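Everything below concerns the one structure shown next.
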Amino acid sequence: MKVLSDAFRNSNLTKVDLSNNAMGNKDIESCISVLSLSSLECLQLCNNGLSGTSMDLIAEILDESNVCSQLRKLHFCNNMSGDQGCTAFSRILKKCSGSLIDIRFSGTRAQKKGSLEVAEALVDLGRRGNGNIQHIDLGNNTFGIEGAKILSCFFELCHHLKYLDLRHCLIETEGMGFISTALQKCCGQMEFLDLSRNDLSSDAATSLAAVLRKCCMLKVFRAQENGLGSLGVIHIVQSLRPPLEELHLGRNECGNQGAKAISDARNVLQNIRILDLDGNVFSTDSICNLQDAYGDALLHFEDNNKESDYEDSRLSSFIASLSQSSNISVVDNSNISAVEDCLGTSTNSFVDVSKVISSDSSEGEISNTSTLSSTNISLEKCQTAEATLMALEKEWTDLKDQSPLKPRR
């Protein structure tokens, strides 16, 4: 390595990629000639097995040679540097300038402490005037909700962001709320977004949908291995824009209503080349409808549980609560379908309860409640089908808490 490195000692190399080499401290020292080049703009050290001490050495070399301020691309991924490596990477970031547009720091075995340190360093980078970041890969770190809140302060400064990878960062639904608020300010040019494996529920889809509606150039969206359910998938699909080419929503506990929403969105998603929905809970009919709509773009189903009668848990539990109530019951299968069909449409004012439920009691028995009447439930400013269901569910919960209904016989 030293012979090869010294051969470029006086060169004008702008890019150095030492990836896929096992490198300890001695190997790094042998590469000082290329790591300290005054012309260096791009540095990649991926899959090198770098330890924490190795990262310290790299940070020291880059600092002493004043290389950091001219870097445009900085990639460290698939190493084993842990929290010590996070500290070293943070030192490097603190020396970088507005020239830096491409950052990758993923798969480094970082724990929460180190991940938060990197998040703080990124915020500092943004506040020093670097709003030029276009590419960010922070996957497989342990940011959690606290880190998501810190990162949101950085993202809202990145007005030219095109690529964001936050896969497996333990963001959760609460953390997604912080990040979504920030991304709404900077997602106009975004082409790639990965939020897979972050324990996102259907509630996270509400804030995420607000981001997706503004992503006019998004080509790849990944959100597999979460818990979005049918409600979350519906909300997301209704927010996607025509440029999208890849959609990954596998393993999301999604049922047939989510599948229907995806099939119905074919006219909008005209450019889809890859559609990954495996690992959900679709019936054979739903899969056939998806195949008819998307053809070869739909990836093969290997882990779908098509024999299950599972449907979105929130929808199922809501219908069950109606069926088990003392005075209100689901009328028949056609009205169950009415509830399910409601998920694919929009409403602006109210839901007619006569489509969804019937009362076993006289009007006098429910006249004490101001929330529910025998004809309709007021749902002010409901803008989406999910909001409709959520509002209906909330009012029904309030009714059960407030009204002394008699048990059903």
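In the structure tokens, chains take letters A, B, ... by order of appearance, with residues numbered from 1 within each chain and ligands from 1 in the order shown.
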Near range 120-123 of chain A, 8 Å: range 149-217 of chain A residue rows, closest pairs, only C-alpha atoms, as a tab-separated table:
```
residue	atom	partner	partner_atom	distance
A:Ile150	CA	A:Glu120	CA	6.7
A:Leu151	CA	A:Val123	CA	7.0
A:Cys153	CA	A:Val123	CA	6.3
A:Phe154	CA	A:Val123	CA	4.6
```
Problem set entry | Nearest to His135 in chain A, chosen from A:Met176, A:Leu269, A:Met190, A:Cys169, with only C-alpha atoms counted in the distances |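 Closest residue, counting only C-alpha atoms: A:Met190.
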For this session: Mind checking which residues fall within 7 Å of Cys77 in chain A, counting only C-alpha atoms, ignoring those fewer than 6 positions away in the same chain, and posting them as a ChimeraX atom specification?
Result: /A:46-47,104-108
For this session: Could you please write out, as a ChimeraX atom specification, every residue of range 27-126 of chain A that DSSP assigns to strand (DSSP E)?
Result: /A:42-46,73-77,102-106
Kindly assemble as a tab-separated table a list of the range 8-75 of chain A residues that lie within 12 Å of range 136-139 of chain A, each paired with its nearest atom pair and their distance in Å to one decimal, using only C-alpha atoms, sorted first by chain and then by ascending residue number.
```
residue	atom	partner	partner_atom	distance
A:Lys73	CA	A:Ile136	CA	10.3
A:Leu74	CA	A:Ile136	CA	10.0
A:His75	CA	A:Asp137	CA	8.9
```
For this session: Determine which residues of range 100-311 of chain A receive a DSSP assignment of helix (DSSP H, G or I), computed from the backbone, and state them as a ChimeraX atom specification.
Result: /A:112-127,144-155,172-183,202-212,229-237,256-267,284-297
Exercise. Of the candidates A:Asn79, A:Asn25, A:Ser239, A:Ser263, which shows the shortest atom-to-atom distance to Gly49 in chain A, using only C-alpha atoms?
Worked result: A:Asn79
Exercise. Taking only C-alpha atoms into account, which of A:Lys94, A:Lys219, A:Lys112, A:Arg266 comes nearest Arg128 in chain A?
Worked result: A:Lys94
Problem set entry | For Leu170 in chain A: contacts at 8 Å, only C-alpha atoms, fewer than 6 positions along chain excluded, given as a PyMOL selection string | chain A and resi 141-145+197-199
Problem set entry | Glu29 in chain A environment, 10 Å, only C-alpha atoms, sequence neighbours closer than 3 positions dropped, as a PyMOL selection string | chain A and resi 1-2+23-26+32-33+35+54+57-58+61
Problem set entry | Residues within 6 Å of range 252-262 of chain A, only C-alpha atoms, excluding chain neighbours under 3 positions, as a ChimeraX atom specification | /A:225-230,233-234,265,280-282,311-312
For this session: Using CA of Gly188 in chain A and CA of Lys149 in chain A as the two end points, give the distance in Å to one decimal.
Result: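 For CA of Gly188 in chain A relative to CA of Lys149 in chain A, the distance reads 20.9 Å.
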For this session: Take CA of Thr14 in chain A and CA of Cys42 in chain A and report the distance between them in Å, one decimal.
Result: 6.2 Å
Problem set entry | Top pick for closest residue to Val16 in chain A, considering A:Ser38, A:Asn66, A:Ser30, A:Gln44 and counting only C-alpha atoms | A:Gln44
